[in-house]
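Taking it in order: structure first as structure tokens, then the write-up.
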Amino acid sequence: MQLERIGVALRPRTSQEAMDLGMAMLRAHARPVWMAWFVFTLPIFLACQGAAWLLGMPWLGLLLPWWLRPLFDRIPLYVLSRAVFEQTPTWRATLRAQWKWPWKRTLAALSYLRVDTNRSLRLPMEVLEGVDSKQRRARWRVLSRPLVGVASGLTWTCIAFELAIALSLCIFAIWMVPNETLPDSMRDVKQALTIPAFKHALVWIASGVTYVSMSIVEPLYVATGFALYLNRRTQLEAWDIDLAFRRLRQRLVEAGVAMVLLVCVMGAPSIAHAADKHADDKQVPPQNIAEVFHQPVNDKDALFASKAADVYRDPRFGQEHKVLRWVLKHPADQEPGKPPSWFAGLAGFGNLGAGLLNLIFWGLLATVVVALIVFAVRHLRGSMPSMERFEKPKVLRSSVVHDIPLPEDLPTAVRELWREGHRREALALLYRGSVVRAATALRIQPPIDATEADWLQHARTLDDPARRERLIRIVRTWQLAAYADRYPGDADIDVLLSGWPAQQVAP
Amino acid sequence: MTTPETLAPAAPLAPMSVDTIHARTAALRHQVAHAFIGQTEVFDQVLMALLAGGHVLIEGVPGLGKTLLVRALAAAMNCSFGRIQFTPDLMPTDVTGHAIYDVKAERFQVRRGPVFANLLLADEINRAPAKTQAALLEAMQEGQATIEGRRFPLPAPFMVVATQNPIEQEGTYPLPEAQLDRFLIKVLIDYPSLDDEKRMVENVLNGKVAADLDVSHVQQVMTHEELQAMQQGVAHMHMDPAVTDYAVRIARATREWPAVVGGAGPRGGLALARLARAHAAIDGRDFVTPDDVRTVALPALRHRLLLAPEALVERQRPDDVIRALLHKVAAPRQ
């Protein structure tokens, strides 16, 4: 690796800054990335569609390009990994390089790692580093530890972004079609979905739209994942410090050469030979850390290999230790390792606060769970057909009637009212008494909403013909009196009351 | 420019007796049945609205004879008939009319729109934007149309029969509740019964009714002046305060009903009373009973209720609510 040639400013960044860097890199190298992308992916996409068409399975045209995304991801990764060292490849070079790049891990990504949500972070590690299977797990653990959540979040964000683009394109396309030009059968989606040609057309359109949205989002996804990877390695391996030292050494070497030249020009001829000799030595600057430190450091070196093996054998390697203690953000002036006297009390208070917070959070969680259960129960109850729920709970003010209680001797009371000239009240009393009596005979509760027509229907179900006729006559008489202002004569009242048994409807 | 003198009230007509109304409506029913077969309930409801001087909103799928009904009614009453197919690009002037410059006369002349008819069929009213709907509403509510700032009275009697399609909701402008309230009645028209449909097909095959809305067999049984007299007769019918109270209590109960977020306004009670009178007159009675009110409750109130989302989720319809509500409102007994 030639860190001196790196084209980005190396420094430890937050995850968000790193992803922003990825986007900036993609913007800077958009043309080679997308050129290579389309040259590589478009024929494959069309081949997938062709295969789907030949097999008569349009959904395959949607599924295959989605499944092959890890294969497509190699393209932007290759371009960006070269571009970051300012060696941006052409699309031809990118395609040619695919033969040389390792395929083993891409096959893994296409199979059992296909649904891994950390795909964007894993991709550069597996393709660029080429570590063997023994070290891969440990390497991945070290690399991904603080980034798993970020990488997953990036995946879900990109999925949402892609969906939004796809849906927007679909809606835009639908808006562009004038409704009048659609046949009637197409206007109703449910009906249209019963037409096979329409369904197939929908799948083809969805495939095309998905490809477009994938082409927009996927390079961005790979670029941000690659930037996260770069940032993580910068943090782990102190690339920024390494680079600073290299640049410092470069400056010192250049300054040394200048000094030597100065001495050669100004100095005695006797030392010219010696100066030339040193100058020859310095003509080729050290190309790696091993040369800088005059110590061979590479995989072939036996000493390095044994040291590395010792490190991997060390039981402390790869182990995790979780230490929970309070640490001041800005340590005050105090003796190293010895907290101030008030800190012990504060720590106790802090522990108490943490405990309380713990309790509060658990309480909140319990409340949310209970609320969800209550909501679910209500919703389930609400989804059941229950017209009664809307009918029963409330007593309508409009339904309240203030009936005058029926007297014990109804015929006498009716006659008295009639004689006094309260003809409507007399007939109302007779009507109410009659319907209550009919309800008793029919063994029903007198419904409050029963009108004259209802009571006439009830009358027809009475067994006793005399009672039936009398009730019908009373209802008719009441109807004419109450609503048409046509009252019967005195004799008619006597006839209506003639068959009335005394004290039969007393409350 | 507004010219109030153009709105001179028509001379009052003598109210027709209930017996004559009953006879005339029976004759009208008989004649209309030559063209509009079956659907007696629909016809009765439209007739009630006609006698009560209100407007009708008919909801049903296309092809059930709505236009035929209105044309047959117009033919039987010798009334003028107008039809407007509402579309999204329909302008208010397409409804009311407009002023056009006459080059020969060198002045603007008013060309009246289709709204100037006794019976107006507003087909698929919810396909037009609100501005055009409002132009029709002025005609419905005030019996006049405004053209270039001048108000013109509409011919009397004037009734709008608006239709809307319950299936196609895409690209429509649903009528707001306040606008729906202007319709006296909402009629639901369904497919005809088997027997009626068979009769209809037989009639077409016998050449009695052509597929192109043939109303030639409908004979005139009254004039539109007589129709106005019938409306006057209904308007002068006796209605006991107990029945009025019952109608108002039903309308008010819609506002208290749990499944309803927007109940019927005062127009609801008024519609119940007007339609109940018309129902009694068609029945040959000169008095109104609570049963008349109950009979007309569904068509008079169904378009005035705004159901709660929970009720809509449970697929309740306004008719279900009104039926349930009628069981809770006490009938008059004093």
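Identifiers in this document derive from the order of the structure tokens: chains are assigned A, B, ..., residues are numbered from 1 separately in each chain, and ligands are numbered from 1 in order of occurrence.
Residues in contact with Met159 (chain B) at 7 Å, where only C-alpha atoms are counted and same-chain residues fewer than 5 positions away are skipped, are listed as Leu50, Gly54, His55, Asn118, Leu119 and Leu120 of chain B.
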Any idea which chain B residues end up within 9 Å of chain A if we count only C-alpha atoms, as an mmCIF file with C-alpha atoms, in the first residue's frame please?
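Full text of selection-v3.cif as output:
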data_model
loop_
_atom_site.group_PDB
_atom_site.id
_atom_site.type_symbol
_atom_site.label_atom_id
_atom_site.label_comp_id
_atom_site.auth_asym_id
_atom_site.auth_seq_id
_atom_site.Cartn_x
_atom_site.Cartn_y
_atom_site.Cartn_z
ATOM 1 C CA GLU B 168 -66.333 4.989 -9.801
ATOM 2 C CA GLU B 170 -61.706 8.154 -9.159
ATOM 3 C CA GLY B 171 -61.587 11.644 -10.605
ATOM 4 C CA HIS B 238 -102.590 19.548 8.161
ATOM 5 C CA MET B 239 -99.761 18.269 10.315
ATOM 6 C CA ASP B 240 -100.341 17.750 13.989
ATOM 7 C CA PRO B 241 -97.734 19.228 16.343
ATOM 8 C CA ALA B 242 -97.146 15.774 17.804
ATOM 9 C CA VAL B 243 -96.041 14.531 14.385
ATOM 10 C CA TYR B 246 -91.694 13.316 16.256
ATOM 11 C CA ARG B 249 -86.865 14.413 17.545
ATOM 12 C CA ILE B 250 -85.727 11.919 14.913
ATOM 13 C CA ARG B 252 -82.109 15.604 16.537
ATOM 14 C CA ALA B 253 -81.444 12.017 17.536
ATOM 15 C CA GLU B 256 -76.779 12.266 19.581
ATOM 16 C CA TRP B 257 -76.096 8.923 17.977
ATOM 17 C CA PRO B 258 -72.673 7.542 18.896
ATOM 18 C CA ALA B 259 -71.806 6.295 15.411
ATOM 19 C CA ASP B 286 -105.237 14.696 4.278
ATOM 20 C CA PHE B 287 -103.412 14.231 7.561
ATOM 21 C CA VAL B 288 -99.930 13.085 8.442
ATOM 22 C CA THR B 289 -99.173 10.301 10.878
ATOM 23 C CA PRO B 290 -95.945 9.288 12.584
ATOM 24 C CA ASP B 291 -95.847 6.337 10.215
ATOM 25 C CA GLU B 310 -65.167 3.385 13.444
ATOM 26 C CA ALA B 311 -68.618 2.863 12.011
ATOM 27 C CA VAL B 313 -64.592 0.567 9.287
ATOM 28 C CA GLU B 314 -67.342 -1.740 10.472
ATOM 29 C CA ARG B 315 -69.037 -1.164 7.134
ATOM 30 C CA GLN B 316 -72.073 0.411 8.669
ATOM 31 C CA ASP B 320 -78.324 0.928 9.302
ATOM 32 C CA VAL B 321 -77.871 3.801 11.697
ATOM 33 C CA ALA B 324 -81.416 1.511 14.632
ATOM 34 C CA LEU B 325 -82.124 5.078 15.622
ATOM 35 C CA LEU B 326 -85.832 4.836 14.790
ATOM 36 C CA HIS B 327 -86.153 2.048 17.336
ATOM 37 C CA LYS B 328 -84.900 4.388 20.021
ATOM 38 C CA VAL B 329 -87.084 7.388 19.352
ATOM 39 C CA ALA B 330 -90.407 7.268 21.130
ATOM 40 C CA ALA B 331 -93.489 7.436 18.945
ATOM 41 C CA PRO B 332 -96.198 9.955 19.923
ATOM 42 C CA ARG B 333 -98.930 8.568 22.183
ATOM 43 C CA GLN B 334 -100.511 11.685 23.598
#
Nearest-residue call for Asp190 (chain B), choices B:Leu90, B:Ala128, B:Val61, B:Val70, using only C-alpha atoms: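 Nearest to Asp190 (chain B): B:Val61.
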Write out as a PyMOL selection string the residues lying within 9 Å of Trp59 (chain A), counting only C-alpha atoms and excluding same-chain residues fewer than 5 positions away. chain A and resi 52+64+200+203-204+207
Just write the chosen residues, N, CA and C atoms, as a compact mmCIF listing (two decimals), in the first residue's frame.
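New file part_38.txt:
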# COMPACT_ATOMS: atom_id res chain seq x y z
N ALA A 52 -36.05 -14.66 -18.07
CA ALA A 52 -37.39 -14.66 -17.46
C ALA A 52 -38.46 -14.79 -18.53
N LEU A 64 -33.74 -11.92 -10.10
CA LEU A 64 -32.33 -12.19 -10.43
C LEU A 64 -31.44 -10.95 -10.29
N HIS A 200 -48.37 -9.19 -15.86
CA HIS A 200 -47.03 -9.37 -16.42
C HIS A 200 -46.39 -8.02 -16.74
N VAL A 203 -45.03 -6.46 -13.71
CA VAL A 203 -43.75 -7.04 -13.26
C VAL A 203 -42.60 -6.53 -14.13
N TRP A 204 -42.83 -6.44 -15.46
CA TRP A 204 -41.77 -5.92 -16.33
C TRP A 204 -41.44 -4.48 -15.96
N SER A 207 -39.53 -4.38 -12.84
CA SER A 207 -38.13 -4.78 -13.04
C SER A 207 -37.32 -3.59 -13.53
Find the residues near Leu10 (chain A): any atom within 7 Å, counting only C-alpha atoms, skip ones fewer than 2 places away on the same chain, and give them as a PyMOL selection string. chain A and resi 8+12+240
Go ahead and save the picked residues with all heavy atoms, as a PDB file, in the first residue's frame.
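The resulting file, result39.pdb, is shown below:
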ATOM      1  N   VAL A   8      -7.342  11.093  -0.337  1.00  0.00           N
ATOM      2  CA  VAL A   8      -8.277  11.690   0.616  1.00  0.00           C
ATOM      3  C   VAL A   8      -7.518  12.084   1.869  1.00  0.00           C
ATOM      4  O   VAL A   8      -6.452  11.522   2.151  1.00  0.00           O
ATOM      5  CB  VAL A   8      -9.414  10.705   0.983  1.00  0.00           C
ATOM      6  CG1 VAL A   8     -10.260  10.401  -0.218  1.00  0.00           C
ATOM      7  CG2 VAL A   8      -8.856   9.429   1.585  1.00  0.00           C
ATOM      8  N   PRO A  12      -9.139  10.277  11.695  1.00  0.00           N
ATOM      9  CA  PRO A  12     -10.270   9.535  12.259  1.00  0.00           C
ATOM     10  C   PRO A  12     -11.533  10.393  12.176  1.00  0.00           C
ATOM     11  O   PRO A  12     -11.513  11.564  12.565  1.00  0.00           O
ATOM     12  CB  PRO A  12      -9.858   9.293  13.714  1.00  0.00           C
ATOM     13  CG  PRO A  12      -8.409   9.515  13.755  1.00  0.00           C
ATOM     14  CD  PRO A  12      -8.086  10.511  12.690  1.00  0.00           C
ATOM     15  N   ASP A 240      -3.254   7.780   9.536  1.00  0.00           N
ATOM     16  CA  ASP A 240      -2.979   9.211   9.482  1.00  0.00           C
ATOM     17  C   ASP A 240      -1.607   9.518  10.081  1.00  0.00           C
ATOM     18  O   ASP A 240      -0.836  10.319   9.558  1.00  0.00           O
ATOM     19  CB  ASP A 240      -4.079   9.993  10.185  1.00  0.00           C
ATOM     20  CG  ASP A 240      -4.378   9.467  11.577  1.00  0.00           C
ATOM     21  OD1 ASP A 240      -4.105   8.268  11.831  1.00  0.00           O
ATOM     22  OD2 ASP A 240      -4.887  10.237  12.415  1.00  0.00           O
TER      23      ASP A 240
END
What lies within 8 Å of Leu51 (chain B) using only C-alpha atoms, ignoring chain neighbours under 5 positions off, as a PDB file with all heavy atoms, in the first residue's frame?
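Heads up, here's the output in around04.pdb:
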ATOM      1  N   LEU B 227     -99.425  20.546 -11.625  1.00  0.00           N
ATOM      2  CA  LEU B 227     -98.391  20.057 -10.706  1.00  0.00           C
ATOM      3  C   LEU B 227     -98.123  21.084  -9.608  1.00  0.00           C
ATOM      4  O   LEU B 227     -97.998  20.730  -8.424  1.00  0.00           O
ATOM      5  CB  LEU B 227     -97.099  19.756 -11.468  1.00  0.00           C
ATOM      6  CG  LEU B 227     -95.894  19.378 -10.595  1.00  0.00           C
ATOM      7  CD1 LEU B 227     -96.164  18.125  -9.784  1.00  0.00           C
ATOM      8  CD2 LEU B 227     -94.643  19.198 -11.434  1.00  0.00           C
ATOM      9  N   MET B 230    -100.796  20.869  -7.177  1.00  0.00           N
ATOM     10  CA  MET B 230    -100.608  19.700  -6.299  1.00  0.00           C
ATOM     11  C   MET B 230     -99.590  20.037  -5.212  1.00  0.00           C
ATOM     12  O   MET B 230     -99.771  19.670  -4.039  1.00  0.00           O
ATOM     13  CB  MET B 230    -100.114  18.504  -7.122  1.00  0.00           C
ATOM     14  CG  MET B 230    -101.183  17.892  -8.000  1.00  0.00           C
ATOM     15  SD  MET B 230    -100.489  16.777  -9.235  1.00  0.00           S
ATOM     16  CE  MET B 230    -100.167  15.340  -8.264  1.00  0.00           C
ATOM     17  N   GLN B 231     -98.542  20.703  -5.606  1.00  0.00           N
ATOM     18  CA  GLN B 231     -97.530  21.092  -4.604  1.00  0.00           C
ATOM     19  C   GLN B 231     -98.141  22.019  -3.558  1.00  0.00           C
ATOM     20  O   GLN B 231     -97.840  21.908  -2.361  1.00  0.00           O
ATOM     21  CB  GLN B 231     -96.340  21.779  -5.299  1.00  0.00           C
ATOM     22  CG  GLN B 231     -95.487  20.819  -6.126  1.00  0.00           C
ATOM     23  CD  GLN B 231     -94.377  21.515  -6.884  1.00  0.00           C
ATOM     24  OE1 GLN B 231     -94.471  22.708  -7.186  1.00  0.00           O
ATOM     25  NE2 GLN B 231     -93.342  20.769  -7.240  1.00  0.00           N
ATOM     26  N   VAL B 234    -100.224  19.954  -1.155  1.00  0.00           N
ATOM     27  CA  VAL B 234     -99.396  19.257  -0.159  1.00  0.00           C
ATOM     28  C   VAL B 234     -98.883  20.243   0.888  1.00  0.00           C
ATOM     29  O   VAL B 234     -98.853  19.950   2.091  1.00  0.00           O
ATOM     30  CB  VAL B 234     -98.215  18.545  -0.865  1.00  0.00           C
ATOM     31  CG1 VAL B 234     -97.216  18.016   0.149  1.00  0.00           C
ATOM     32  CG2 VAL B 234     -98.740  17.416  -1.732  1.00  0.00           C
ATOM     33  N   ALA B 278     -96.082  14.756   1.766  1.00  0.00           N
ATOM     34  CA  ALA B 278     -96.234  14.253   0.400  1.00  0.00           C
ATOM     35  C   ALA B 278     -96.612  12.775   0.408  1.00  0.00           C
ATOM     36  O   ALA B 278     -97.444  12.338  -0.392  1.00  0.00           O
ATOM     37  CB  ALA B 278     -94.922  14.460  -0.364  1.00  0.00           C
TER      38      ALA B 278
END
Using the chain letters and numbers from this document, which residues of region 401-462 of chain A does DSSP assign to helix (DSSP H, G or I), as an MDAnalysis selection string? chainID A and resid 410:419 423:442 452:459
Give me the residues within 10 Å of Ala33 (chain B) as a list in words, counting only C-alpha atoms and dropping any in the same chain fewer than 6 places off.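 In the requested form, the answer reads Ala27, Gln39, Thr40, Phe43, Leu69, Ala72, Leu73, His217 and Val218 of chain B.
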Could you save those same residues with all heavy atoms as a tab-separated table (two decimals), in the first residue's frame?
chain	number	residue	atom	x	y	z
B	27	ALA	N	-102.58	8.22	-11.65
B	27	ALA	CA	-102.54	8.28	-13.13
B	27	ALA	C	-101.10	8.50	-13.61
B	27	ALA	O	-100.68	7.89	-14.60
B	27	ALA	CB	-103.44	9.41	-13.61
B	39	GLN	N	-89.34	-0.80	-10.08
B	39	GLN	CA	-88.70	0.23	-9.25
B	39	GLN	C	-89.76	1.18	-8.66
B	39	GLN	O	-89.58	2.41	-8.68
B	39	GLN	CB	-87.67	1.04	-10.05
B	39	GLN	CG	-86.63	0.21	-10.77
B	39	GLN	CD	-85.43	-0.13	-9.90
B	39	GLN	OE1	-85.53	-0.08	-8.67
B	39	GLN	NE2	-84.33	-0.50	-10.50
B	40	THR	N	-90.83	0.59	-8.14
B	40	THR	CA	-91.93	1.44	-7.65
B	40	THR	C	-91.49	2.30	-6.48
B	40	THR	O	-91.94	3.44	-6.34
B	40	THR	CB	-93.12	0.56	-7.20
B	40	THR	OG1	-92.61	-0.45	-6.32
B	40	THR	CG2	-93.80	-0.09	-8.39
B	43	PHE	N	-89.74	5.31	-7.82
B	43	PHE	CA	-90.68	6.26	-8.39
B	43	PHE	C	-91.44	7.00	-7.28
B	43	PHE	O	-91.62	8.22	-7.35
B	43	PHE	CB	-91.67	5.53	-9.31
B	43	PHE	CG	-92.73	6.43	-9.85
B	43	PHE	CD1	-92.44	7.31	-10.89
B	43	PHE	CD2	-94.01	6.45	-9.30
B	43	PHE	CE1	-93.41	8.17	-11.37
B	43	PHE	CE2	-94.98	7.30	-9.77
B	43	PHE	CZ	-94.67	8.17	-10.81
B	69	LEU	N	-86.61	7.72	-16.35
B	69	LEU	CA	-87.60	8.12	-15.35
B	69	LEU	C	-87.90	9.60	-15.46
B	69	LEU	O	-89.08	10.02	-15.47
B	69	LEU	CB	-87.06	7.77	-13.95
B	69	LEU	CG	-87.83	8.36	-12.77
B	69	LEU	CD1	-89.26	7.82	-12.72
B	69	LEU	CD2	-87.13	8.06	-11.46
B	72	ALA	N	-89.72	10.41	-18.68
B	72	ALA	CA	-91.11	9.95	-18.64
B	72	ALA	C	-91.96	10.87	-17.77
B	72	ALA	O	-93.11	11.19	-18.11
B	72	ALA	CB	-91.16	8.52	-18.11
B	73	LEU	N	-91.39	11.30	-16.66
B	73	LEU	CA	-92.11	12.24	-15.78
B	73	LEU	C	-92.40	13.54	-16.54
B	73	LEU	O	-93.52	14.07	-16.48
B	73	LEU	CB	-91.25	12.56	-14.56
B	73	LEU	CG	-91.47	11.72	-13.30
B	73	LEU	CD1	-90.49	12.14	-12.22
B	73	LEU	CD2	-92.90	11.88	-12.78
B	217	HIS	N	-94.89	6.35	-25.54
B	217	HIS	CA	-96.12	5.75	-25.04
B	217	HIS	C	-96.62	6.40	-23.75
B	217	HIS	O	-97.66	6.02	-23.23
B	217	HIS	CB	-95.93	4.25	-24.81
B	217	HIS	CG	-95.82	3.48	-26.08
B	217	HIS	ND1	-94.67	3.42	-26.82
B	217	HIS	CD2	-96.75	2.76	-26.76
B	217	HIS	CE1	-94.86	2.69	-27.90
B	217	HIS	NE2	-96.13	2.27	-27.89
B	218	VAL	N	-95.87	7.32	-23.26
B	218	VAL	CA	-96.28	8.01	-22.03
B	218	VAL	C	-97.18	9.18	-22.43
B	218	VAL	O	-96.75	10.08	-23.16
B	218	VAL	CB	-95.05	8.53	-21.25
B	218	VAL	CG1	-95.48	9.28	-20.01
B	218	VAL	CG2	-94.13	7.37	-20.89
Considering only strand (DSSP E) as DSSP defines it on the backbone, what residues of region 3-119 of chain B qualify? List them as a list in words.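 Strand (DSSP E) members of region 3-119 of chain B, listed: Val56, Leu57, Ile58, Glu59, Phe81, Gly82, Arg83, Ile84, Gln85, Gly97, His98, Ala99, Ile100, Tyr101, Asp102, Arg107, Phe108, Gln109, Val110, Arg111, Arg112 and Leu119 of chain B.
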Just the number, please: distance in Å from CA of Thr210 (chain A) to CA of Leu62 (chain A), one decimal. 7.6 Å
For region 165-174 of chain A, find every residue with an atom within 12 Å (counting only C-alpha atoms), except residues of its own chain fewer than 3 positions away, and show them as number ranges by chain. A: 158-162, 177-179, 181-182, 186-187, 202-217
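With CA of Ala30 (chain A) on one side and CA of Arg122 (chain A) on the other, the separation reads 22.3 Å.
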Option closest in space to Arg470 (chain A), from A:Ser434, A:Thr157, A:Asn118, A:Gln457 [counting only C-alpha atoms]: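 Closest to Arg470 (chain A) of all the choices is A:Ser434.
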Go through B:Leu301, B:Gln141, B:Val221, B:Val215 one by one, measure the shortest atom-to-atom distance of each to Ala247 (chain B) using only C-alpha atoms, and give the residue with the smallest value.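 That would be B:Leu301, the residue with the smallest distance to Ala247 (chain B).
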